[in-house]
$ cat query_3.pdb   # PDB, C-alpha atoms
ATOM      1  CA  MET A  28     -19.220 -17.850  14.318
ATOM      2  CA  THR A  29     -15.508 -17.935  13.533
ATOM      3  CA  ALA A  30     -16.246 -15.296  10.912
ATOM      4  CA  ILE A  31     -16.992 -12.819  13.701
ATOM      5  CA  ILE A  32     -13.578 -13.444  15.267
ATOM      6  CA  TYR A  33     -11.920 -12.783  11.924
ATOM      7  CA  LEU A  34     -13.994  -9.664  11.321
ATOM      8  CA  ILE A  35     -13.146  -8.215  14.727
ATOM      9  CA  THR A  36      -9.463  -9.132  14.286
ATOM     10  CA  GLY A  37      -9.429  -7.529  10.848
ATOM     11  CA  SER A  38     -11.041  -4.338  12.116
ATOM     12  CA  ALA A  39      -8.641  -4.220  15.064
ATOM     13  CA  LEU A  40      -5.646  -4.660  12.747
ATOM     14  CA  PHE A  41      -6.958  -1.841  10.571
ATOM     15  CA  ALA A  42      -7.324   0.447  13.586
ATOM     16  CA  LEU A  43      -3.830  -0.466  14.817
ATOM     17  CA  GLY A  44      -2.435   0.321  11.377
ATOM     18  CA  LEU A  45      -4.323   3.593  11.236
ATOM     19  CA  TYR A  46      -2.974   4.633  14.641
ATOM     20  CA  GLY A  47       0.556   3.630  13.610
ATOM     21  CA  VAL A  48       0.438   5.554  10.349
ATOM     22  CA  PHE A  49      -0.613   8.753  12.099
ATOM     23  CA  PHE A  50       1.357   8.578  15.336
ATOM     24  CA  SER A  51       4.650   6.839  14.527
ATOM     25  CA  ARG A  52       7.574   9.160  14.013
ATOM     26  CA  HIS A  53       9.948   6.758  12.288
ATOM     27  CA  LEU A  54       8.978   6.280   8.645
ATOM     28  CA  LEU A  55       9.784   2.565   8.715
ATOM     29  CA  ARG A  56       7.209   2.185  11.472
ATOM     30  CA  LYS A  57       4.697   4.059   9.363
ATOM     31  CA  ILE A  58       5.275   1.665   6.462
ATOM     32  CA  ILE A  59       4.906  -1.375   8.704
ATOM     33  CA  ALA A  60       1.761   0.123  10.227
ATOM     34  CA  ALA A  61       0.281   0.688   6.778
ATOM     35  CA  ASN A  62       0.975  -2.966   5.976
ATOM     36  CA  ILE A  63      -0.709  -4.126   9.171
ATOM     37  CA  GLY A  64      -3.728  -1.997   8.365
ATOM     38  CA  ALA A  65      -3.862  -3.413   4.851
ATOM     39  CA  SER A  66      -3.724  -6.960   6.253
ATOM     40  CA  GLY A  67      -6.748  -6.128   8.372
ATOM     41  CA  VAL A  68      -8.628  -4.937   5.301
ATOM     42  CA  PHE A  69      -7.729  -8.134   3.431
ATOM     43  CA  LEU A  70      -8.888 -10.267   6.341
ATOM     44  CA  VAL A  71     -12.225  -8.462   6.492
ATOM     45  CA  LEU A  72     -12.671  -8.676   2.714
ATOM     46  CA  VAL A  73     -12.030 -12.416   2.550
ATOM     47  CA  THR A  74     -13.949 -13.478   5.630
ATOM     48  CA  GLY A  75     -16.718 -10.912   5.300
ATOM     49  CA  SER A  76     -17.843 -12.311   1.958
ATOM     50  CA  GLY A  77     -18.990 -15.682   3.239
ATOM     51  CA  SER A  78     -17.547 -19.146   3.124
ATOM     52  CA  PRO A  79     -16.172 -20.049   0.651
ATOM     53  CA  ALA A  80     -15.163 -16.454   0.038
ATOM     54  CA  ASP A  81     -16.680 -14.567  -2.865
ATOM     55  CA  PRO A  82     -14.366 -14.818  -5.898
ATOM     56  CA  VAL A  83     -14.542 -11.056  -6.446
ATOM     57  CA  ALA A  84     -13.340 -10.470  -2.892
ATOM     58  CA  GLN A  85     -10.567 -13.005  -3.357
ATOM     59  CA  ALA A  86      -9.465 -11.347  -6.596
ATOM     60  CA  MET A  87      -9.558  -7.915  -4.937
ATOM     61  CA  VAL A  88      -7.396  -9.174  -2.090
ATOM     62  CA  LEU A  89      -4.963 -10.703  -4.578
ATOM     63  CA  THR A  90      -4.812  -7.368  -6.403
ATOM     64  CA  GLY A  91      -4.454  -5.576  -3.091
ATOM     65  CA  ILE A  92      -1.548  -7.744  -1.974
ATOM     66  CA  VAL A  93       0.392  -6.998  -5.143
ATOM     67  CA  ILE A  94      -0.345  -3.281  -4.826
ATOM     68  CA  SER A  95       0.641  -3.218  -1.161
ATOM     69  CA  VAL A  96       3.913  -5.003  -1.972
ATOM     70  CA  SER A  97       4.699  -2.383  -4.629
ATOM     71  CA  LEU A  98       3.780   0.466  -2.311
ATOM     72  CA  THR A  99       5.846  -0.983   0.529
ATOM     73  CA  ALA A 100       8.860  -1.320  -1.742
ATOM     74  CA  LEU A 101       8.381   2.205  -3.073
ATOM     75  CA  GLY A 102       8.060   3.518   0.477
ATOM     76  CA  LEU A 103      11.234   1.735   1.541
ATOM     77  CA  VAL A 104      13.148   3.143  -1.426
ATOM     78  CA  LEU A 105      11.850   6.619  -0.545
ATOM     79  CA  VAL A 106      12.959   6.212   3.080
ATOM     80  CA  ARG A 107      16.413   5.062   1.942
ATOM     81  CA  ARG A 108      16.690   8.063  -0.341
ATOM     82  CA  LEU A 109      15.557  10.401   2.419
ATOM     83  CA  PHE A 110      18.134   8.870   4.756
ATOM     84  CA  ALA A 111      20.857   9.240   2.128
ATOM     85  CA  GLU A 112      19.952  12.888   1.555
ATOM     86  CA  THR A 113      19.269  14.063   5.111
ATOM     87  CA  GLY A 114      20.589  11.351   7.450
ATOM     88  CA  ARG A 115      17.179  11.104   9.083
ATOM     89  CA  CYS A 116      14.346   8.593   8.899
ATOM     90  CA  GLU A 117      11.711  11.028  10.131
ATOM     91  CA  LEU A 118       9.788  13.764   8.447
ATOM     92  CA  PRO A 119      10.330  17.281   9.810
ATOM     93  CA  ARG A 120       7.732  18.432  12.310
ATOM     94  CA  ASP A 121       5.099  20.922  11.275
ATOM     95  CA  GLU A 122       5.678  24.496  12.377
ATOM     96  CA  ARG A 123       3.087  25.453  14.900
TER      97      ARG A 123
ATOM     98  CA  MET B  21       5.170  17.410  24.386
ATOM     99  CA  LYS B  22       2.026  17.619  26.529
ATOM    100  CA  THR B  23      -0.211  18.231  23.547
ATOM    101  CA  ASP B  24       1.463  15.309  21.829
ATOM    102  CA  ALA B  25       0.395  12.879  24.528
ATOM    103  CA  VAL B  26      -3.156  14.222  24.464
ATOM    104  CA  LEU B  27      -3.226  13.933  20.693
ATOM    105  CA  ARG B  28      -2.069  10.332  20.909
ATOM    106  CA  ARG B  29      -4.789   9.438  23.389
ATOM    107  CA  VAL B  30      -7.448  11.076  21.243
ATOM    108  CA  GLY B  31      -6.055   9.280  18.193
ATOM    109  CA  GLY B  32      -6.133   5.956  20.000
ATOM    110  CA  MET B  33      -9.751   6.540  21.023
ATOM    111  CA  LEU B  34     -10.659   7.451  17.450
ATOM    112  CA  ALA B  35      -8.990   4.290  16.198
ATOM    113  CA  LEU B  36     -10.977   2.235  18.714
ATOM    114  CA  ALA B  37     -14.154   3.983  17.623
ATOM    115  CA  ILE B  38     -13.278   3.028  14.054
ATOM    116  CA  VAL B  39     -12.906  -0.631  15.068
ATOM    117  CA  ALA B  40     -16.353  -0.554  16.615
ATOM    118  CA  GLY B  41     -17.806   1.313  13.669
ATOM    119  CA  LEU B  42     -16.268  -1.107  11.189
ATOM    120  CA  ALA B  43     -16.968  -4.328  13.026
ATOM    121  CA  HIS B  44     -20.538  -3.560  14.030
ATOM    122  CA  PRO B  45     -22.221  -3.399  10.610
ATOM    123  CA  LEU B  46     -20.060  -6.254   9.330
ATOM    124  CA  ILE B  47     -21.334  -8.505  12.100
ATOM    125  CA  GLN B  48     -24.932  -7.282  12.003
ATOM    126  CA  ASN B  49     -25.704  -7.252   8.326
ATOM    127  CA  PRO B  50     -26.683 -10.302   6.362
ATOM    128  CA  ARG B  51     -24.158 -11.026   3.651
ATOM    129  CA  HIS B  52     -24.735  -9.812   0.175
ATOM    130  CA  PRO B  53     -25.145 -12.732  -2.239
ATOM    131  CA  GLY B  54     -22.192 -11.353  -4.222
ATOM    132  CA  LEU B  55     -21.492 -11.692  -7.888
ATOM    133  CA  ALA B  56     -21.123 -15.465  -7.943
ATOM    134  CA  ALA B  57     -24.012 -15.941 -10.382
ATOM    135  CA  MET B  58     -22.571 -13.453 -12.845
ATOM    136  CA  ILE B  59     -19.151 -15.037 -12.622
ATOM    137  CA  GLU B  60     -20.533 -18.503 -13.197
ATOM    138  CA  ALA B  61     -22.262 -17.190 -16.295
ATOM    139  CA  ALA B  62     -18.995 -15.710 -17.531
ATOM    140  CA  GLU B  63     -16.935 -18.818 -16.942
ATOM    141  CA  ARG B  64     -15.397 -20.079 -20.127
ATOM    142  CA  ALA B  65     -15.024 -23.715 -20.928
ATOM    143  CA  ALA B  66     -11.254 -23.554 -20.574
ATOM    144  CA  VAL B  67     -10.880 -21.157 -17.653
ATOM    145  CA  THR B  68     -13.056 -22.439 -14.841
ATOM    146  CA  HIS B  69     -11.484 -21.186 -11.650
ATOM    147  CA  PRO B  70     -13.723 -18.342 -10.469
ATOM    148  CA  VAL B  71     -10.876 -16.180  -9.153
ATOM    149  CA  THR B  72      -9.060 -16.386 -12.477
ATOM    150  CA  VAL B  73     -12.295 -15.566 -14.273
ATOM    151  CA  VAL B  74     -12.699 -12.455 -12.115
ATOM    152  CA  LEU B  75      -9.067 -11.404 -12.488
ATOM    153  CA  LEU B  76      -8.747 -11.811 -16.226
ATOM    154  CA  ASP B  77     -12.264 -11.660 -17.585
ATOM    155  CA  THR B  78     -15.093 -10.021 -15.682
ATOM    156  CA  ARG B  79     -12.862  -7.507 -13.895
ATOM    157  CA  ALA B  80      -9.849  -7.568 -16.179
ATOM    158  CA  PHE B  81      -9.728  -3.764 -16.145
ATOM    159  CA  ASP B  82      -8.782  -3.828 -12.443
ATOM    160  CA  THR B  83      -5.975  -6.236 -13.178
ATOM    161  CA  LEU B  84      -4.794  -4.120 -16.105
ATOM    162  CA  LEU B  85      -4.546  -1.099 -13.813
ATOM    163  CA  GLU B  86      -2.846  -3.220 -11.135
ATOM    164  CA  VAL B  87      -0.153  -4.259 -13.590
ATOM    165  CA  GLY B  88       0.194  -0.600 -14.520
ATOM    166  CA  VAL B  89       0.595   0.414 -10.867
ATOM    167  CA  LEU B  90       3.257  -2.252 -10.401
ATOM    168  CA  LEU B  91       5.162  -0.947 -13.437
ATOM    169  CA  LEU B  92       4.907   2.640 -12.170
ATOM    170  CA  ALA B  93       6.195   1.596  -8.749
ATOM    171  CA  VAL B  94       9.154  -0.149 -10.390
ATOM    172  CA  ILE B  95       9.966   2.932 -12.478
ATOM    173  CA  ALA B  96       9.714   5.215  -9.453
ATOM    174  CA  ALA B  97      11.845   2.880  -7.329
ATOM    175  CA  LEU B  98      14.498   2.716 -10.046
ATOM    176  CA  ILE B  99      14.642   6.484 -10.293
ATOM    177  CA  LEU B 100      14.917   6.886  -6.513
ATOM    178  CA  ALA B 101      17.468   4.109  -6.029
ATOM    179  CA  HIS B 102      19.602   5.537  -8.787
ATOM    180  CA  GLY B 103      22.990   6.477  -7.428
ATOM    181  CA  GLU B 104      23.176  10.146  -8.232
ATOM    182  CA  GLY B 105      26.646  11.128  -7.128
ATOM    183  CA  ARG B 106      26.652   8.342  -4.556
ATOM    184  CA  GLU B 107      28.738   5.211  -4.405
ATOM    185  CA  PRO B 108      26.818   2.414  -6.077
ATOM    186  CA  SER B 109      26.509  -0.594  -3.793
ATOM    187  CA  SER B 110      26.345  -4.121  -5.081
ATOM    188  CA  LEU B 111      25.553  -7.575  -3.834
ATOM    189  CA  ASP B 112      29.248  -8.445  -4.139
ATOM    190  CA  GLN B 113      29.976  -6.761  -0.828
ATOM    191  CA  GLY B 114      30.081  -9.035   2.172
ATOM    192  CA  PRO B 115      31.493 -12.504   2.637
ATOM    193  CA  PRO B 116      31.341 -15.080  -0.156
ATOM    194  CA  PRO B 117      28.329 -17.406   0.004
ATOM    195  CA  SER B 118      28.730 -20.691   1.819
ATOM    196  CA  PRO B 119      29.511 -23.823  -0.231
ATOM    197  CA  LEU B 120      26.112 -25.182   0.696
ATOM    198  CA  LEU B 121      24.423 -22.237  -1.006
ATOM    199  CA  THR B 122      26.575 -22.419  -4.111
ATOM    200  CA  TRP B 123      25.760 -26.120  -4.439
ATOM    201  CA  LEU B 124      22.088 -26.001  -3.527
ATOM    202  CA  VAL B 125      20.796 -22.833  -5.132
ATOM    203  CA  PRO B 126      21.584 -23.597  -8.811
ATOM    204  CA  ARG B 127      19.938 -26.994  -8.332
ATOM    205  CA  LEU B 128      16.855 -25.342  -6.842
ATOM    206  CA  ALA B 129      16.429 -23.000  -9.793
ATOM    207  CA  PRO B 130      14.867 -25.501 -12.237
ATOM    208  CA  ILE B 131      12.456 -26.717  -9.559
ATOM    209  CA  ILE B 132      11.414 -23.129  -8.853
ATOM    210  CA  GLY B 133      10.799 -22.610 -12.567
ATOM    211  CA  LEU B 134       8.725 -25.788 -12.674
ATOM    212  CA  VAL B 135       6.620 -24.772  -9.667
ATOM    213  CA  ALA B 136       6.015 -21.325 -11.169
ATOM    214  CA  SER B 137       4.944 -22.794 -14.517
ATOM    215  CA  TYR B 138       2.655 -25.257 -12.750
ATOM    216  CA  LEU B 139       1.034 -22.456 -10.736
ATOM    217  CA  LEU B 140       0.478 -20.474 -13.925
ATOM    218  CA  TRP B 141      -1.098 -23.436 -15.732
ATOM    219  CA  ALA B 142      -3.143 -24.540 -12.727
ATOM    220  CA  GLY B 143      -4.685 -21.071 -12.448
ATOM    221  CA  ALA B 144      -7.166 -21.958 -15.185
ATOM    222  CA  THR B 145      -8.911 -24.648 -13.170
ATOM    223  CA  ARG B 146      -7.874 -24.395  -9.508
ATOM    224  CA  PRO B 147      -6.080 -22.013  -7.135
ATOM    225  CA  GLY B 148      -2.977 -20.577  -8.752
ATOM    226  CA  GLY B 149      -2.324 -18.019 -11.413
ATOM    227  CA  ALA B 150       0.006 -15.430 -12.822
ATOM    228  CA  PHE B 151       0.766 -13.476  -9.652
ATOM    229  CA  GLN B 152       1.386 -16.590  -7.583
ATOM    230  CA  GLY B 153       3.718 -17.987 -10.241
ATOM    231  CA  GLY B 154       5.423 -14.624 -10.561
ATOM    232  CA  THR B 155       6.018 -14.444  -6.819
ATOM    233  CA  VAL B 156       7.631 -17.896  -6.804
ATOM    234  CA  LEU B 157       9.813 -16.914  -9.765
ATOM    235  CA  ALA B 158      10.792 -13.667  -8.050
ATOM    236  CA  ALA B 159      11.755 -15.560  -4.902
ATOM    237  CA  GLY B 160      13.880 -17.873  -7.038
ATOM    238  CA  GLY B 161      15.553 -14.927  -8.729
ATOM    239  CA  LEU B 162      16.281 -13.275  -5.390
ATOM    240  CA  ILE B 163      17.761 -16.485  -3.967
ATOM    241  CA  LEU B 164      20.010 -16.750  -7.020
ATOM    242  CA  LEU B 165      21.076 -13.103  -6.638
ATOM    243  CA  LEU B 166      21.680 -13.298  -2.897
ATOM    244  CA  ALA B 167      23.686 -16.520  -3.256
ATOM    245  CA  LYS B 168      25.712 -14.689  -5.916
ATOM    246  CA  GLN B 169      24.912 -17.264  -8.566
ATOM    247  CA  LEU B 170      23.556 -14.522 -10.814
ATOM    248  CA  GLN B 171      24.665 -10.972 -11.489
ATOM    249  CA  PRO B 172      22.003  -8.263 -11.770
ATOM    250  CA  PRO B 173      22.041  -7.324 -15.469
ATOM    251  CA  PRO B 174      22.202  -3.645 -16.471
ATOM    252  CA  LEU B 175      18.798  -2.104 -17.089
ATOM    253  CA  LYS B 176      19.111  -1.931 -20.844
ATOM    254  CA  TRP B 177      16.322  -2.405 -23.377
ATOM    255  CA  PRO B 178      15.782  -6.162 -22.997
ATOM    256  CA  ILE B 179      15.170  -5.757 -19.265
ATOM    257  CA  ARG B 180      12.925  -2.749 -19.769
ATOM    258  CA  LEU B 181      10.838  -4.657 -22.310
ATOM    259  CA  TRP B 182      10.685  -7.601 -19.916
ATOM    260  CA  LEU B 183       9.297  -5.291 -17.224
ATOM    261  CA  CYS B 184       6.546  -4.286 -19.664
ATOM    262  CA  ALA B 185       5.811  -7.898 -20.641
ATOM    263  CA  GLY B 186       2.682  -7.868 -18.504
ATOM    264  CA  LEU B 187       1.197  -4.535 -19.484
ATOM    265  CA  LEU B 188       1.831  -4.494 -23.232
ATOM    266  CA  PRO B 189       0.153  -7.812 -24.210
ATOM    267  CA  PHE B 190      -2.705  -7.006 -21.848
ATOM    268  CA  LEU B 191      -3.248  -3.623 -23.501
ATOM    269  CA  ALA B 192      -2.875  -5.194 -26.934
ATOM    270  CA  ALA B 193      -5.504  -7.835 -26.141
ATOM    271  CA  GLY B 194      -7.843  -5.162 -24.812
ATOM    272  CA  LEU B 195      -7.395  -3.009 -27.890
ATOM    273  CA  LEU B 196      -7.813  -6.054 -30.163
ATOM    274  CA  ALA B 197     -11.273  -6.525 -28.653
ATOM    275  CA  LEU B 198     -12.036  -2.857 -29.332
ATOM    276  CA  ILE B 199     -10.896  -3.151 -32.942
ATOM    277  CA  LEU B 200     -12.972  -6.296 -33.462
ATOM    278  CA  GLY B 201     -16.037  -4.353 -32.406
ATOM    279  CA  GLY B 202     -16.456  -5.326 -28.761
ATOM    280  CA  ASN B 203     -15.750  -3.428 -25.595
ATOM    281  CA  LEU B 204     -12.292  -2.936 -24.116
ATOM    282  CA  LEU B 205     -10.991  -6.289 -22.820
ATOM    283  CA  GLU B 206     -14.065  -8.154 -24.061
ATOM    284  CA  TYR B 207     -12.193 -11.089 -25.559
ATOM    285  CA  PRO B 208     -13.477 -12.268 -28.944
ATOM    286  CA  ALA B 209     -15.321 -15.590 -28.765
ATOM    287  CA  GLY B 210     -13.033 -18.587 -29.140
ATOM    288  CA  LEU B 211      -9.878 -16.585 -28.447
ATOM    289  CA  GLY B 212     -10.485 -16.183 -24.720
ATOM    290  CA  LYS B 213      -8.363 -19.078 -23.505
ATOM    291  CA  THR B 214      -5.410 -18.227 -25.756
ATOM    292  CA  LEU B 215      -5.475 -14.544 -24.881
ATOM    293  CA  ILE B 216      -5.805 -15.220 -21.157
ATOM    294  CA  LEU B 217      -2.869 -17.637 -21.273
ATOM    295  CA  VAL B 218      -0.685 -15.154 -23.191
ATOM    296  CA  ILE B 219      -1.618 -12.334 -20.819
ATOM    297  CA  GLU B 220      -1.028 -14.500 -17.753
ATOM    298  CA  THR B 221       2.395 -15.615 -18.989
ATOM    299  CA  GLY B 222       3.329 -12.001 -19.587
ATOM    300  CA  ILE B 223       2.056 -10.963 -16.173
ATOM    301  CA  MET B 224       3.959 -13.792 -14.486
ATOM    302  CA  LEU B 225       7.252 -12.891 -16.149
ATOM    303  CA  SER B 226       6.914  -9.144 -15.593
ATOM    304  CA  THR B 227       5.672  -9.530 -12.003
ATOM    305  CA  ALA B 228       8.651 -11.741 -11.183
ATOM    306  CA  LEU B 229      11.149  -9.262 -12.608
ATOM    307  CA  SER B 230       9.317  -6.310 -11.061
ATOM    308  CA  PHE B 231       9.519  -7.826  -7.584
ATOM    309  CA  VAL B 232      13.219  -8.603  -8.055
ATOM    310  CA  VAL B 233      13.910  -5.060  -9.246
ATOM    311  CA  LEU B 234      11.890  -3.583  -6.374
ATOM    312  CA  ALA B 235      13.855  -5.680  -3.877
ATOM    313  CA  LEU B 236      17.155  -4.647  -5.448
ATOM    314  CA  GLY B 237      16.004  -1.030  -5.404
ATOM    315  CA  VAL B 238      15.339  -1.356  -1.678
ATOM    316  CA  LEU B 239      18.648  -3.111  -1.002
ATOM    317  CA  LEU B 240      21.074  -1.344  -3.310
ATOM    318  CA  THR B 241      22.135   1.977  -4.668
ATOM    319  CA  LEU B 242      22.037   1.302  -8.373
ATOM    320  CA  PRO B 243      25.022   2.311 -10.475
ATOM    321  CA  SER B 244      24.847   5.080 -13.021
ATOM    322  CA  GLY B 245      24.571   4.149 -16.660
ATOM    323  CA  ASN B 246      21.074   2.762 -16.364
ATOM    324  CA  PHE B 247      19.239   5.745 -17.688
ATOM    325  CA  PRO B 248      19.279   7.583 -20.980
ATOM    326  CA  GLY B 249      21.763  10.414 -20.708
ATOM    327  CA  ASP B 250      23.878   8.629 -18.102
ATOM    328  CA  ASP B 251      26.288   7.166 -20.609
ATOM    329  CA  SER B 252      27.883  10.302 -22.009
TER     330      SER B 252
END
$ encode --input "query_3.pdb" --output "structure tokens"
Amino acid sequence: MTAIIYLITGSALFALGLYGVFFSRHLLRKIIAANIGASGVFLVLVTGSGSPADPVAQAMVLTGIVISVSLTALGLVLVRRLFAETGRCELPRDER
Amino acid sequence: MKTDAVLRRVGGMLALAIVAGLAHPLIQNPRHPGLAAMIEAAERAAVTHPVTVVLLDTRAFDTLLEVGVLLLAVIAALILAHGEGREPSSLDQGPPPSPLLTWLVPRLAPIIGLVASYLLWAGATRPGGAFQGGTVLAAGGLILLLAKQLQPPPLKWPIRLWLCAGLLPFLAAGLLALILGGNLLEYPAGLGKTLILVIETGIMLSTALSFVVLALGVLLTLPSGNFPGDDS
């Protein structure tokens, strides 16, 4: 039954990440939130495919980790560039 | 401001609903048997670890695209970190590294190389593989850079080719299969082990350098002179 704990934790992490991506103002927080959400997805993928985990799921998580590292780095470089250009780490608000 | 708070509450509720919606079917449903049978059938005599078989044989196309995404991210990061009219920053700023670091880090480097090579070789039969080895190598490279035992080289052709060392052999192997009459990435019989080893070595080396370059792109403003047209 430990699988259920992992599945619920993974889903909760995903929801936390989702909330953070949409409702954080600071871009660094958004990036961290996206990473947390991705960790939740990885957890669900690995534990949701049985024990021992399905090799396809393991390979997908491995691929996903590399992709999320590249995206995090790209996001950080973008934030640095934005800060260098505008002095802010937030995106401008939408006009209402 | 008022609407903001309301929006946040609604968003939080939606996120909670998503947890419930995600967790419920995962807990309820019986697990799919998965593709284990197919992978076992595809296992080659030399490459027996199922994850490696998935990564480099049955779903090699995914891995090919992954390596491509990594390369694209590196290119984009380099362009963005490029110091256009800004002071380039370098790792030389800050205090000199402690004597402990300057003694320890060069002695660690060979061990890191050994561990990375072992991980690469072990990937054929047990947990390990190109990305794990590449990560260890990248960590070693970053330690060397941060302890100032190594200078970041300019991004001239050798480095650019090194960054492509994962993608190019992979593409070449895939196209070789096409030319020999199979499908893309369907390794010719008997050549599988050799091709997988060559591809994995390339992926390890390029992943390691890509991670180092990404980290430097995050940390530094890169000097001009790294791109065509900068020199003149």
$ interface_residues --input "query_3.pdb" --of "chain A" --to "chain B" --cutoff "8 Å" --atoms "only C-alpha atoms" --output "NGL selection string"
:A and (31 or 34-35 or 38-39 or 41-43 or 45-46 or 50 or 75-77 or 81-83 or 85-86 or 90 or 93-94 or 97-98 or 100-101 or 103-105 or 107-108)
$ atom_distance --input "query_3.pdb" --atom1 "CA of Thr221 (chain B)" --atom2 "CA of Arg146 (chain B)"
16.5 Å
$ residues_near_point --input "query_3.pdb" --point "(-7.7, -8.9, 4.6)" --cutoff "12 Å" --atoms "all atoms listed in the file" --output "NGL selection string"
:A and (33-41 or 62-76 or 80 or 84-92 or 95)
$ closest_residue --input "query_3.pdb" --among "A:Cys116, A:Ile59, A:Leu54, A:Ala111" --to "Val96 (chain A)" --atoms "all atoms listed in the file"
A:Ile59
$ atom_distance --input "query_3.pdb" --atom1 "CA of Glu117 (chain A)" --atom2 "CA of Ala25 (chain B)"
18.4 Å
$ axis_aligned_box --input "query_3.pdb" --around "region 180-183 of chain B" --padding-each-side "4 Å" --output "JSON"
{"center_x": 11.1, "center_y": -5.2, "center_z": -19.8, "size_x": 11.6, "size_y": 12.9, "size_z": 13.1}
